[in-house]
Every structure is written in structure tokens, then in C-alpha cells.
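Asks: Sharing query35.txt below, compact mmCIF, C-alpha atoms:
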# COMPACT_ATOMS: atom_id res chain seq x y z
CA MET A 1 -25.51 2.12 -44.85
CA GLU A 2 -28.90 0.77 -43.77
CA SER A 3 -31.58 -1.01 -45.86
CA CYS A 4 -34.92 -2.72 -45.25
CA VAL A 5 -35.82 -6.23 -46.43
CA MET A 6 -39.10 -8.16 -46.23
CA MET A 7 -39.06 -11.26 -44.04
CA MET A 8 -41.76 -14.00 -43.93
CA SER A 9 -42.85 -15.05 -40.46
CA PRO A 10 -42.62 -18.85 -40.04
CA ASN A 11 -45.70 -18.91 -37.79
CA ASN A 12 -48.45 -17.11 -39.72
CA GLY A 13 -46.99 -16.33 -43.10
CA THR A 14 -47.22 -12.56 -42.60
CA LYS A 15 -44.51 -10.31 -43.89
CA LYS A 16 -42.67 -7.72 -41.82
CA LYS A 17 -39.91 -5.23 -42.41
CA VAL A 18 -36.51 -5.90 -40.83
CA LEU A 19 -33.77 -3.28 -40.62
CA VAL A 20 -30.45 -4.62 -41.84
CA CYS A 21 -27.17 -2.75 -41.35
CA ASP A 22 -25.18 -2.91 -44.57
CA HIS A 23 -22.13 -0.98 -43.36
CA GLU A 24 -18.59 -2.17 -43.97
CA SER A 25 -17.17 -4.66 -41.50
CA SER A 26 -14.74 -3.31 -38.94
CA GLU A 27 -11.12 -4.47 -38.86
CA SER A 28 -11.76 -6.82 -35.91
CA GLU A 29 -14.80 -8.31 -37.66
CA SER A 30 -12.73 -8.93 -40.76
CA GLN A 31 -10.09 -10.67 -38.67
CA LEU A 32 -12.71 -12.93 -37.13
CA LEU A 33 -14.18 -13.72 -40.51
CA ASN A 34 -10.72 -14.60 -41.82
CA GLY A 35 -9.94 -16.79 -38.85
CA GLU A 36 -7.38 -14.38 -37.38
CA SER A 37 -7.08 -13.31 -33.75
CA ALA A 38 -9.31 -10.42 -32.72
CA PHE A 39 -6.39 -9.22 -30.60
CA GLU A 40 -3.78 -9.27 -33.37
CA HIS A 41 -3.25 -5.51 -33.02
CA ILE A 42 -2.29 -5.63 -29.32
CA PRO A 43 1.43 -4.92 -28.75
CA LEU A 44 3.64 -6.79 -26.28
CA VAL A 45 4.26 -4.85 -23.06
CA PRO A 46 7.55 -5.43 -21.23
CA GLU A 47 7.31 -7.18 -17.86
CA THR A 48 7.04 -4.91 -14.81
CA PRO A 49 10.66 -4.56 -13.56
CA THR A 50 9.99 -5.96 -10.08
CA TYR A 51 8.23 -9.04 -11.42
CA ALA A 52 10.82 -9.47 -14.16
CA VAL A 53 13.50 -9.71 -11.45
CA MET A 54 11.38 -12.25 -9.55
CA ALA A 55 10.97 -14.37 -12.68
CA ALA A 56 14.68 -14.25 -13.47
CA TYR A 57 15.53 -15.17 -9.87
CA SER A 58 13.22 -18.21 -9.88
CA LYS A 59 14.89 -19.54 -13.05
CA ASP A 60 18.42 -19.10 -11.69
CA THR A 61 19.82 -22.40 -10.37
CA ASN A 62 22.92 -20.98 -8.68
CA PRO A 63 22.84 -21.88 -4.93
CA LEU A 64 24.42 -18.53 -4.04
CA LYS A 65 21.68 -16.46 -5.69
CA LEU A 66 20.17 -13.51 -3.79
CA ASN A 67 16.85 -11.81 -4.49
CA LEU A 68 17.18 -8.16 -3.47
CA GLY A 69 14.65 -6.84 -5.97
CA SER A 70 11.32 -7.09 -4.15
CA GLY A 71 10.51 -5.47 -0.82
CA VAL A 72 9.84 -8.69 1.06
CA TYR A 73 11.22 -9.40 4.54
CA ARG A 74 13.28 -12.60 4.60
CA THR A 75 15.15 -14.77 7.09
CA GLU A 76 18.94 -15.08 7.34
CA ASP A 77 18.64 -17.95 4.85
CA GLY A 78 16.77 -15.80 2.36
CA LYS A 79 13.48 -17.59 2.94
CA PRO A 80 10.12 -15.80 3.26
CA PHE A 81 9.55 -14.99 6.92
CA VAL A 82 6.36 -16.13 8.62
CA PHE A 83 5.49 -14.67 12.02
CA ASP A 84 5.07 -17.32 14.72
CA VAL A 85 1.84 -15.68 15.82
CA VAL A 86 0.51 -15.84 12.26
CA ASN A 87 1.17 -19.60 12.17
CA ARG A 88 -0.66 -20.00 15.48
CA ALA A 89 -3.63 -17.94 14.32
CA GLU A 90 -3.88 -19.91 11.09
CA GLN A 91 -3.83 -23.20 12.97
CA LEU A 92 -6.61 -22.00 15.25
CA LEU A 93 -8.73 -21.20 12.21
CA LEU A 94 -7.98 -24.50 10.50
CA ASN A 95 -8.94 -26.43 13.63
CA ASP A 96 -12.08 -24.42 14.31
CA PRO A 97 -15.13 -26.55 13.38
CA CYS A 98 -17.35 -23.47 13.46
CA VAL A 99 -15.61 -21.67 10.59
CA VAL A 100 -18.12 -20.95 7.83
CA LYS A 101 -16.96 -20.67 4.23
CA GLU A 102 -19.64 -18.20 3.18
CA TYR A 103 -19.57 -14.92 1.31
CA VAL A 104 -18.71 -11.99 3.54
CA PRO A 105 -20.45 -8.62 3.06
CA ILE A 106 -19.29 -6.34 0.26
CA THR A 107 -17.38 -4.27 2.82
CA GLY A 108 -15.70 -7.35 4.31
CA ILE A 109 -15.55 -8.83 7.80
CA PRO A 110 -17.05 -6.21 10.16
CA GLU A 111 -14.73 -7.09 13.06
CA PHE A 112 -11.69 -6.88 10.80
CA ASN A 113 -12.74 -3.40 9.69
CA GLU A 114 -13.27 -2.21 13.25
CA LEU A 115 -9.91 -3.57 14.43
CA SER A 116 -8.08 -2.13 11.41
CA ALA A 117 -9.47 1.33 12.10
CA ASN A 118 -8.46 0.99 15.76
CA LEU A 119 -4.94 -0.04 14.75
CA ILE A 120 -4.23 2.99 12.59
CA LEU A 121 -6.35 5.62 14.39
CA GLY A 122 -6.14 4.36 17.96
CA ALA A 123 -9.04 2.75 19.81
CA ASP A 124 -9.67 6.00 21.70
CA SER A 125 -9.84 8.11 18.54
CA PRO A 126 -12.62 10.74 18.76
CA ALA A 127 -13.41 10.10 15.09
CA ILE A 128 -14.19 6.46 15.87
CA LYS A 129 -16.21 7.30 18.96
CA GLU A 130 -18.23 9.84 16.96
CA ASN A 131 -18.90 7.27 14.19
CA ARG A 132 -17.22 9.52 11.62
CA VAL A 133 -15.16 6.64 10.27
CA THR A 134 -15.99 4.07 7.64
CA THR A 135 -13.63 1.17 6.93
CA VAL A 136 -13.92 -1.45 4.19
CA GLN A 137 -11.85 -4.58 3.72
CA CYS A 138 -9.88 -4.51 0.47
CA VAL A 139 -7.58 -6.74 -1.55
CA ALA A 140 -4.32 -5.64 0.12
CA GLY A 141 -2.96 -2.10 0.08
CA CYS A 142 -3.09 -1.94 -3.71
CA GLY A 143 -6.79 -2.75 -3.60
CA ALA A 144 -7.37 -0.12 -0.93
CA LEU A 145 -5.60 2.54 -3.00
CA ARG A 146 -7.50 1.50 -6.12
CA VAL A 147 -10.90 1.56 -4.38
CA GLY A 148 -10.05 4.93 -2.84
CA ALA A 149 -9.00 6.35 -6.19
CA GLU A 150 -12.17 5.08 -7.88
CA PHE A 151 -14.29 6.59 -5.10
CA LEU A 152 -12.57 9.97 -5.51
CA ALA A 153 -12.96 9.85 -9.29
CA GLN A 154 -16.69 9.26 -8.93
CA HIS A 155 -17.55 11.53 -6.02
CA TYR A 156 -14.84 14.11 -5.37
CA THR A 157 -14.93 17.42 -7.18
CA LYS A 158 -11.23 17.82 -7.99
CA LYS A 159 -9.91 15.03 -10.23
CA MET A 160 -6.28 15.75 -9.38
CA VAL A 161 -3.78 14.06 -7.08
CA TYR A 162 -0.26 15.08 -6.04
CA ILE A 163 2.20 12.32 -5.12
CA PRO A 164 5.84 12.51 -3.92
CA LYS A 165 8.32 12.80 -6.76
CA GLN A 166 9.96 9.63 -5.43
CA THR A 167 7.30 7.09 -4.57
CA TYR A 168 6.10 3.50 -4.92
CA SER A 169 6.12 2.78 -8.65
CA ASN A 170 2.48 1.65 -8.69
CA HIS A 171 1.09 4.81 -7.07
CA PRO A 172 0.54 6.77 -10.29
CA ASN A 173 -1.35 3.84 -11.84
CA PHE A 174 -4.09 3.75 -9.20
CA PHE A 175 -5.10 7.32 -9.99
CA SER A 176 -4.36 7.66 -13.71
CA THR A 177 -6.41 4.51 -14.39
CA VAL A 178 -9.54 6.21 -13.05
CA GLY A 179 -8.91 9.40 -15.01
CA MET A 180 -7.36 11.57 -12.31
CA ALA A 181 -4.54 13.93 -13.25
CA VAL A 182 -1.34 12.86 -11.49
CA LYS A 183 1.24 15.47 -10.51
CA THR A 184 4.23 15.43 -8.16
CA TYR A 185 5.71 17.45 -5.32
CA ARG A 186 9.33 17.56 -4.17
CA TYR A 187 10.24 15.13 -1.42
CA TYR A 188 13.78 13.71 -1.35
CA ASP A 189 16.97 15.77 -1.36
CA PRO A 190 19.88 13.73 -2.79
CA ALA A 191 22.37 16.32 -1.57
CA THR A 192 21.54 15.61 2.07
CA ASN A 193 20.04 12.14 1.70
CA GLY A 194 17.10 13.53 3.62
CA LEU A 195 13.78 15.28 3.24
CA ASP A 196 13.54 18.33 0.98
CA PHE A 197 11.19 19.91 3.47
CA GLN A 198 11.25 23.44 2.10
CA GLY A 199 10.75 22.14 -1.44
CA LEU A 200 7.85 20.03 -0.24
CA LEU A 201 6.17 22.99 1.48
CA GLU A 202 6.76 25.26 -1.48
CA ASP A 203 5.28 22.80 -3.98
CA LEU A 204 2.26 22.04 -1.80
CA SER A 205 1.62 25.75 -1.32
CA PHE A 206 0.92 25.99 -5.06
CA VAL A 207 -1.38 22.96 -5.23
CA PRO A 208 -4.91 24.01 -6.30
CA SER A 209 -7.47 24.02 -3.53
CA GLY A 210 -9.45 20.78 -3.35
CA ALA A 211 -6.77 18.54 -4.84
CA THR A 212 -5.84 15.23 -3.19
CA VAL A 213 -2.32 14.82 -1.77
CA LEU A 214 -0.84 11.35 -1.26
CA PHE A 215 1.45 10.78 1.74
CA HIS A 216 3.35 7.74 3.03
CA ALA A 217 2.29 7.41 6.67
CA SER A 218 5.74 6.11 7.70
CA GLY A 219 8.62 4.28 6.07
CA HIS A 220 8.57 6.25 2.82
CA ASN A 221 9.02 3.93 -0.15
CA PRO A 222 11.63 3.97 -1.70
CA THR A 223 13.72 6.57 0.18
CA GLY A 224 13.05 5.58 3.81
CA VAL A 225 12.95 9.28 4.67
CA ASP A 226 10.05 10.51 6.82
CA PRO A 227 9.18 13.97 8.17
CA THR A 228 9.58 14.53 11.90
CA ILE A 229 6.39 14.91 13.90
CA HIS A 230 7.02 18.67 14.03
CA GLN A 231 7.35 18.75 10.23
CA TRP A 232 4.20 16.65 9.90
CA ASP A 233 2.34 19.26 11.92
CA GLN A 234 3.53 22.01 9.59
CA ILE A 235 2.44 19.92 6.61
CA ARG A 236 -0.94 19.35 8.25
CA HIS A 237 -1.44 23.06 8.82
CA LEU A 238 -0.65 23.80 5.17
CA ILE A 239 -2.94 21.03 3.90
CA ARG A 240 -5.86 22.20 6.02
CA SER A 241 -5.36 25.91 5.28
CA LYS A 242 -5.48 25.24 1.53
CA GLY A 243 -8.45 22.86 1.69
CA LEU A 244 -6.52 19.87 0.33
CA LEU A 245 -7.54 16.24 0.91
CA PRO A 246 -4.84 13.96 2.42
CA PHE A 247 -4.66 10.32 1.35
CA PHE A 248 -2.27 8.20 3.45
CA ASP A 249 -0.67 4.96 2.33
CA SER A 250 0.23 2.96 5.45
CA ALA A 251 2.27 -0.10 4.53
CA TYR A 252 4.84 -0.31 7.33
CA GLN A 253 3.11 0.47 10.63
CA GLY A 254 5.33 -0.99 13.36
CA LEU A 255 8.19 -1.86 11.01
CA VAL A 256 9.76 1.60 10.93
CA SER A 257 10.32 2.50 14.58
CA GLY A 258 9.32 -0.81 16.11
CA SER A 259 6.27 0.89 17.63
CA LEU A 260 2.78 0.53 16.19
CA GLU A 261 1.77 3.75 17.92
CA GLU A 262 4.72 5.86 16.80
CA ASP A 263 4.41 4.82 13.16
CA ALA A 264 0.76 5.96 13.15
CA GLU A 265 1.45 9.44 14.58
CA SER A 266 1.30 11.22 11.23
CA VAL A 267 -2.17 9.88 10.45
CA ARG A 268 -3.48 10.51 13.97
CA LEU A 269 -2.22 14.08 13.82
CA PHE A 270 -4.41 14.77 10.79
CA VAL A 271 -7.41 12.92 12.20
CA GLY A 272 -7.07 14.74 15.50
CA ASP A 273 -7.89 18.13 14.01
CA GLY A 274 -11.38 16.99 12.98
CA GLY A 275 -10.64 17.10 9.26
CA GLU A 276 -11.19 14.45 6.62
CA CYS A 277 -8.71 12.02 5.08
CA LEU A 278 -8.34 8.62 3.41
CA ILE A 279 -6.05 5.85 4.67
CA ALA A 280 -4.99 2.70 2.83
CA GLN A 281 -3.61 -0.10 5.02
CA THR A 282 -1.95 -3.38 4.17
CA TYR A 283 -0.96 -6.35 6.33
CA SER A 284 1.36 -7.77 3.67
CA LYS A 285 4.57 -6.62 5.31
CA ILE A 286 3.61 -6.06 8.93
CA MET A 287 2.23 -9.60 9.29
CA GLY A 288 4.03 -11.28 6.40
CA LEU A 289 0.74 -11.96 4.61
CA TYR A 290 1.88 -10.97 1.12
CA PRO A 291 -0.04 -13.61 -0.88
CA GLU A 292 -3.17 -13.40 1.28
CA ARG A 293 -3.85 -9.86 0.00
CA VAL A 294 -5.23 -8.33 3.18
CA GLY A 295 -5.89 -4.60 3.33
CA ALA A 296 -8.35 -1.94 4.34
CA LEU A 297 -9.49 1.49 3.24
CA THR A 298 -10.56 3.92 5.96
CA ILE A 299 -12.23 7.23 5.22
CA VAL A 300 -12.54 9.72 8.07
CA CYS A 301 -15.45 12.10 7.51
CA LYS A 302 -16.83 15.25 9.12
CA THR A 303 -20.02 13.66 10.45
CA ALA A 304 -21.53 10.24 11.10
CA LYS A 305 -24.14 10.87 8.41
CA VAL A 306 -21.49 11.61 5.80
CA ALA A 307 -19.56 8.48 6.83
CA SER A 308 -22.69 6.38 6.37
CA ASN A 309 -23.31 7.87 2.93
CA VAL A 310 -19.69 7.32 1.94
CA GLU A 311 -19.84 3.66 2.95
CA SER A 312 -22.95 3.14 0.85
CA GLN A 313 -21.11 4.49 -2.19
CA LEU A 314 -17.99 2.42 -1.46
CA LYS A 315 -20.18 -0.66 -1.77
CA LEU A 316 -21.13 0.43 -5.29
CA VAL A 317 -17.44 0.87 -6.13
CA ILE A 318 -16.46 -2.56 -4.80
CA ARG A 319 -19.43 -4.54 -6.14
CA PRO A 320 -18.41 -4.54 -9.84
CA MET A 321 -14.70 -4.98 -8.97
CA TYR A 322 -14.58 -8.15 -6.87
CA SER A 323 -18.01 -8.20 -5.19
CA SER A 324 -16.77 -9.61 -1.87
CA PRO A 325 -13.22 -9.76 -0.43
CA PRO A 326 -11.39 -13.00 0.50
CA ILE A 327 -11.86 -14.26 4.04
CA HIS A 328 -8.82 -16.34 5.06
CA GLY A 329 -6.11 -13.71 5.43
CA ALA A 330 -8.48 -11.21 7.03
CA SER A 331 -9.55 -13.88 9.52
CA ILE A 332 -5.91 -14.40 10.51
CA VAL A 333 -5.51 -10.67 11.11
CA THR A 334 -8.76 -10.50 13.07
CA THR A 335 -7.72 -13.43 15.26
CA ILE A 336 -4.46 -11.70 16.19
CA LEU A 337 -5.80 -8.19 16.67
CA LYS A 338 -8.71 -9.17 18.91
CA ASN A 339 -6.66 -11.38 21.25
CA ARG A 340 -4.53 -9.36 23.69
CA ASP A 341 -1.86 -12.06 24.13
CA MET A 342 -1.52 -12.68 20.41
CA TYR A 343 -1.49 -8.93 19.73
CA ASN A 344 1.38 -8.48 22.20
CA GLU A 345 3.23 -11.43 20.69
CA TRP A 346 2.87 -9.90 17.23
CA SER A 347 4.02 -6.50 18.51
CA ASN A 348 7.15 -8.09 20.00
CA GLU A 349 7.89 -9.97 16.78
CA LEU A 350 7.59 -6.68 14.90
CA LYS A 351 10.16 -5.11 17.22
CA LYS A 352 12.60 -7.97 16.63
CA THR A 353 12.06 -7.67 12.90
CA THR A 354 12.68 -3.93 13.00
CA ALA A 355 15.84 -4.41 15.07
CA ARG A 356 17.19 -6.78 12.42
CA LEU A 357 16.34 -4.33 9.63
CA ILE A 358 18.07 -1.47 11.43
CA CYS A 359 21.04 -3.84 11.60
CA LEU A 360 23.53 -1.86 13.69
CA ASN A 361 23.07 -0.75 17.29
CA PRO A 362 25.22 1.96 18.98
CA ASP A 363 27.71 -0.61 20.35
CA GLN A 364 28.18 -2.13 16.90
CA VAL A 365 28.68 1.33 15.39
CA GLU A 366 31.33 2.04 18.04
CA PHE A 367 33.01 -1.29 17.24
CA MET A 368 33.24 -0.42 13.54
CA THR A 369 34.69 2.99 14.32
CA LYS A 370 37.29 1.58 16.71
CA GLU A 371 38.30 -1.51 14.76
CA TYR A 372 37.66 -0.47 11.16
CA HIS A 373 37.77 3.36 11.29
CA ILE A 374 34.29 3.60 9.77
CA TYR A 375 32.30 6.57 10.98
CA THR A 376 28.52 6.79 10.88
CA SER A 377 25.66 7.95 13.08
CA SER A 378 25.05 6.03 16.31
CA ASP A 379 21.62 4.83 15.13
CA GLY A 380 23.29 2.71 12.44
CA ARG A 381 22.16 4.82 9.49
CA ILE A 382 24.64 4.66 6.62
CA ASN A 383 25.08 7.11 3.76
CA MET A 384 25.26 4.76 0.77
CA ALA A 385 26.38 7.66 -1.43
CA GLY A 386 29.57 7.78 0.67
CA LEU A 387 30.60 4.38 -0.66
CA GLY A 388 32.75 3.66 -3.68
CA PHE A 389 33.45 0.45 -5.58
CA LYS A 390 36.69 -0.02 -3.65
CA THR A 391 35.12 0.35 -0.21
CA VAL A 392 31.95 -1.80 -0.47
CA ALA A 393 33.75 -5.04 0.38
CA TYR A 394 35.54 -3.37 3.31
CA LEU A 395 32.23 -2.10 4.72
CA ALA A 396 30.62 -5.53 4.32
CA GLU A 397 33.51 -7.10 6.22
CA ALA A 398 33.16 -4.52 9.01
CA ILE A 399 29.40 -5.00 9.33
CA HIS A 400 29.81 -8.78 9.43
CA ALA A 401 32.39 -8.47 12.18
CA ALA A 402 30.22 -6.04 14.15
CA ILE A 403 27.06 -8.15 14.11
CA THR A 404 29.07 -11.32 14.78
CA HIS A 405 31.11 -10.08 17.76
CA VAL A 406 28.87 -7.38 19.27
CA ILE A 407 25.28 -8.20 20.24
For this file, produce the structure as C-alpha cells.
Replies:
Amino acid sequence: MESCVMMMSPNNGTKKKVLVCDHESSESESQLLNGESAFEHIPLVPETPTYAVMAAYSKDTNPLKLNLGSGVYRTEDGKPFVFDVVNRAEQLLLNDPCVVKEYVPITGIPEFNELSANLILGADSPAIKENRVTTVQCVAGCGALRVGAEFLAQHYTKKMVYIPKQTYSNHPNFFSTVGMAVKTYRYYDPATNGLDFQGLLEDLSFVPSGATVLFHASGHNPTGVDPTIHQWDQIRHLIRSKGLLPFFDSAYQGLVSGSLEEDAESVRLFVGDGGECLIAQTYSKIMGLYPERVGALTIVCKTAKVASNVESQLKLVIRPMYSSPPIHGASIVTTILKNRDMYNEWSNELKKTTARLICLNPDQVEFMTKEYHIYTSSDGRINMAGLGFKTVAYLAEAIHAAITHVI
């Protein structure tokens, strides 16, 4: 209810009408007036499972504790692994008297963006040469996905995204937060411990034209199952024929096969046909820069003009989020990527890391078969579903013997 009252001006003694709202106080206003918290009504949300495990691990004082909950590469001693080349790059930056601690542009360090696009698309990519690519520095892969989702929500006609039924737990949040409808398509087949390729094709064939489809570029999280390059080409043909928009999440380039080029093949296949796509990159895992939060979002467009327009709008998306990205981690990445020797050193470290993750080579597999009568594929891949409670310890013993006696 509204009412008018007469107020006397302190300067000239004249009277004027002032509109006063006489409506009832809201619940939050009443709480403030009574000295209560304005947030009294907010319920407690359980800790995110991954971070709950991390918290529990940090509190555990047992010297034999193991943290197998978060996807972080660690040393044999369970310590966070830091690439030698990353240490060298960081020291170069720390000792450089010319380093300027100034705001970077909204889109980030220009050289970092250029090198990131080259890494995922290839330096000889026609899209890059034709200036059809715009890349912006983001706050890790999560930030790249979030910026991409916000951009789509504001400027793309179809507010709908399809993600693999099994996927990174945070993927749905990036899109649902901006109001996009999130749906799934079949991906993993538990019966074969492989890709449900026919199910994937069938589900995508019914996706409405114009929808966005999220793919893992390589190293699918959490299944580890990727399409072959031939299957990727079939997926690409279906996506393009239906007018769908692919959005790639690239978190493991170089850590899957040991080759930076091979792990980017899926993305380059889609870019090579002249079509459009979005790509989120992160250096968290592939350079061990988890806490530095270094990532990039690349959008490949049809023309240079469209790419320029898209970049201008990405600035408006980023500006109210974090205004300008952090410089330190991105400077480390830039230092490594632009120096041929350091790039090669990093590539070799990636291969060693991948070899350790794969664990068993053909000779070690042969050793286990001969000495322990354990049969698996020569590439060291193990069907975990083939294990039982009684055989886990036996397998662990066999693996330990294999990696100890056979190099």
C-alpha cells in the first residue's frame, strides 16, 4: 500500500509531497529487523563427492593412506607431479626483470591464445590461416566450458545441449546454470567395456537440428573409451548432415596416446571440413598446472568476419565474470610452447607420463601370462569387470612382479 506525506524542506521551508511505500515487510526484512541472519532460510548442501574425499584424505594421519579419488597425476610416492620443463619455465619467469605485473586484455595473453589454437588445431590449420578462429584465455577448462556455455546461451538459437550419458560430473552444471536444456546420448557399453557406437549414432540421429553436442576430444572421462578415427569420421558426417554444433572438451591432449598430434585428431577432423565448432582446453593435467587454472576457449567460425564478431561478444561474456584472466600460469605455458627445445622436452615428458599410466608393455603382459597365467590384451588393457574379490590381490602381485622384473 502506498501513501503520500508532506515533508518540509530544510533549506527554504517549502513543502513537497513524498511517496512512501507502506507495504508489509518481506520475510528477509523482518529477519534483519529482528537481528536474525538474512540467509537463515538457506539449506546446507552436501560437499561435492570429489572434494569431500580430498578433505577426508587431508585429515587422515595414517602414513599408508592413498588418495585415489581425484584425477591428478602423481609420482610413485603419491606426491603431485611437476614437469621438469614447467619448473624451468617458472624459474625463467621469476628471474626475468622485464616481467610486468599488469592487467592482461580481457581475452588474455595474445601469444598464449595463438599457441593454444596451434596446439589443438595444428599450426598449418586452414582455419587459422584464414583467420576463422578466435581463442580466449580462460580460467582452466572449467572456465572455458562455462564461458562457452554462456556464449551459446546468449547468442545461439537452440538452447539445448547433448552430453554423453557417462561424462565428467561437472559437465551438466556448465550448461544448466545458463538455462540450457541438458540431455544425454548413449556412449559406454558395460557389456563390452567399450563404446556403444550404434547406440551413440542412433541417439544423435534423433537430436533436433541446431542443438549443441558435447564430445570428449580424447581420453573420455570417466570411461577412458574413445571412438576410432574411422568412427569419429562417421560421427562427424552425422553431426554435419543434421546441422548440429560440436563442442569439444580437450583435457588430455598428449596423455592418452603419448602423441599431441594423435590426441587432437578428432578435433582436427571436424575443423578440416570447414564447419564450425567450440573447443575447451586445459593445461591442468597435460602440464601439471592444476592450481594455476590455465585454459582456453577456441571457436572455429565460417568466416574471418564472424570470428571477429564472436570475439567481441566473448569479451562481453568474460568482462562481468572475472574481467581479466590470471597471468602466471598462462605465462608458463607460453614460455614452453614458443620455445622449440622446451616444447620437445615437454612432449617427451608427456610420453614418459603416458607410458607409466599405461603401466604394462607387451613384454610385461607376456610375463604375467607365463608366470601367473593371467591373460589380457598385449597393450596392457585390463577388464576390471573380470576381477573378483578373491583375485584382486593375485593380480596386484602379478603386476608388481611384472613391472619390477621386466622393463
Asks: Measuring atom to atom with all atoms listed in the file, identify which of A:Ala398, A:Arg268, A:Leu94, A:Met342 is nearest to Leu360 in chain A.
Replies: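 Of A:Ala398, A:Arg268, A:Leu94, A:Met342, the one nearest Leu360 in chain A is A:Ala398, counting all atoms listed in the file.
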Asks: Can you list, as JSON, numbers by chain, every protein, DNA or RNA residue that comes within 7 Å of Thr335 in chain A when you count all atoms listed in the file, leaving out same-chain residues fewer than 4 positions away?
Replies: {"A": [89, 331, 339]}
Asks: Filtering to C-alpha atoms, could you give me those residues as a PDB file, keeping the file's coordinate frame?
Replies:
ATOM      1  CA  ALA A  89      -3.630 -17.940  14.320  1.00  0.00           C
ATOM      2  CA  SER A 331      -9.550 -13.880   9.520  1.00  0.00           C
ATOM      3  CA  ASN A 339      -6.660 -11.380  21.250  1.00  0.00           C
TER       4      ASN A 339
END
Asks: Contacts of Ala307 in chain A at 12 Å or less, counting all atoms listed in the file, minus same-chain residues fewer than 5 places along, as a PyMOL selection string?
Replies: chain A and resi 127-128+130-136+276-278+298-302+312-314
Asks: Taking 6 positions as the minimum chain separation for residues in the same chain, which residues sit within 10 Å of Ile374 in chain A when counting all atoms listed in the file? Answer as a tab-separated table (two decimals) with C-alpha atoms, keeping the file's coordinate frame.
Replies:
chain	number	residue	atom	x	y	z
A	365	VAL	CA	28.68	1.33	15.39
A	366	GLU	CA	31.33	2.04	18.04
A	367	PHE	CA	33.01	-1.29	17.24
A	368	MET	CA	33.24	-0.42	13.54
A	394	TYR	CA	35.54	-3.37	3.31
A	395	LEU	CA	32.23	-2.10	4.72
A	398	ALA	CA	33.16	-4.52	9.01
A	399	ILE	CA	29.40	-5.00	9.33
Asks: So which residues touch Ala296 in chain A within 12 Å, counting only C-alpha atoms, skipping near sequence neighbours fewer than 5 positions away, as a VMD selection string?
Replies: chain A and resid 107 to 120 134 to 148 248 to 251 278 to 284 325 330 333
Asks: Next, write the just-selected residues to a file, as a PDB file, keeping the file's coordinate frame, keeping C-alpha atoms as the atom set.
Replies:
ATOM      1  CA  THR A 107     -17.380  -4.270   2.820  1.00  0.00           C
ATOM      2  CA  GLY A 108     -15.700  -7.350   4.310  1.00  0.00           C
ATOM      3  CA  ILE A 109     -15.550  -8.830   7.800  1.00  0.00           C
ATOM      4  CA  PRO A 110     -17.050  -6.210  10.160  1.00  0.00           C
ATOM      5  CA  GLU A 111     -14.730  -7.090  13.060  1.00  0.00           C
ATOM      6  CA  PHE A 112     -11.690  -6.880  10.800  1.00  0.00           C
ATOM      7  CA  ASN A 113     -12.740  -3.400   9.690  1.00  0.00           C
ATOM      8  CA  GLU A 114     -13.270  -2.210  13.250  1.00  0.00           C
ATOM      9  CA  LEU A 115      -9.910  -3.570  14.430  1.00  0.00           C
ATOM     10  CA  SER A 116      -8.080  -2.130  11.410  1.00  0.00           C
ATOM     11  CA  ALA A 117      -9.470   1.330  12.100  1.00  0.00           C
ATOM     12  CA  ASN A 118      -8.460   0.990  15.760  1.00  0.00           C
ATOM     13  CA  LEU A 119      -4.940  -0.040  14.750  1.00  0.00           C
ATOM     14  CA  ILE A 120      -4.230   2.990  12.590  1.00  0.00           C
ATOM     15  CA  THR A 134     -15.990   4.070   7.640  1.00  0.00           C
ATOM     16  CA  THR A 135     -13.630   1.170   6.930  1.00  0.00           C
ATOM     17  CA  VAL A 136     -13.920  -1.450   4.190  1.00  0.00           C
ATOM     18  CA  GLN A 137     -11.850  -4.580   3.720  1.00  0.00           C
ATOM     19  CA  CYS A 138      -9.880  -4.510   0.470  1.00  0.00           C
ATOM     20  CA  VAL A 139      -7.580  -6.740  -1.550  1.00  0.00           C
ATOM     21  CA  ALA A 140      -4.320  -5.640   0.120  1.00  0.00           C
ATOM     22  CA  GLY A 141      -2.960  -2.100   0.080  1.00  0.00           C
ATOM     23  CA  CYS A 142      -3.090  -1.940  -3.710  1.00  0.00           C
ATOM     24  CA  GLY A 143      -6.790  -2.750  -3.600  1.00  0.00           C
ATOM     25  CA  ALA A 144      -7.370  -0.120  -0.930  1.00  0.00           C
ATOM     26  CA  LEU A 145      -5.600   2.540  -3.000  1.00  0.00           C
ATOM     27  CA  ARG A 146      -7.500   1.500  -6.120  1.00  0.00           C
ATOM     28  CA  VAL A 147     -10.900   1.560  -4.380  1.00  0.00           C
ATOM     29  CA  GLY A 148     -10.050   4.930  -2.840  1.00  0.00           C
ATOM     30  CA  PHE A 248      -2.270   8.200   3.450  1.00  0.00           C
ATOM     31  CA  ASP A 249      -0.670   4.960   2.330  1.00  0.00           C
ATOM     32  CA  SER A 250       0.230   2.960   5.450  1.00  0.00           C
ATOM     33  CA  ALA A 251       2.270  -0.100   4.530  1.00  0.00           C
ATOM     34  CA  LEU A 278      -8.340   8.620   3.410  1.00  0.00           C
ATOM     35  CA  ILE A 279      -6.050   5.850   4.670  1.00  0.00           C
ATOM     36  CA  ALA A 280      -4.990   2.700   2.830  1.00  0.00           C
ATOM     37  CA  GLN A 281      -3.610  -0.100   5.020  1.00  0.00           C
ATOM     38  CA  THR A 282      -1.950  -3.380   4.170  1.00  0.00           C
ATOM     39  CA  TYR A 283      -0.960  -6.350   6.330  1.00  0.00           C
ATOM     40  CA  SER A 284       1.360  -7.770   3.670  1.00  0.00           C
ATOM     41  CA  PRO A 325     -13.220  -9.760  -0.430  1.00  0.00           C
ATOM     42  CA  ALA A 330      -8.480 -11.210   7.030  1.00  0.00           C
ATOM     43  CA  VAL A 333      -5.510 -10.670  11.110  1.00  0.00           C
TER      44      VAL A 333
END
Asks: Which distance in Å separates CA of Lys165 in chain A and CA of Tyr73 in chain A, to one decimal?
Replies: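 Taking CA of Lys165 in chain A as the start and CA of Tyr73 in chain A as the end point, the length is 25.1 Å.
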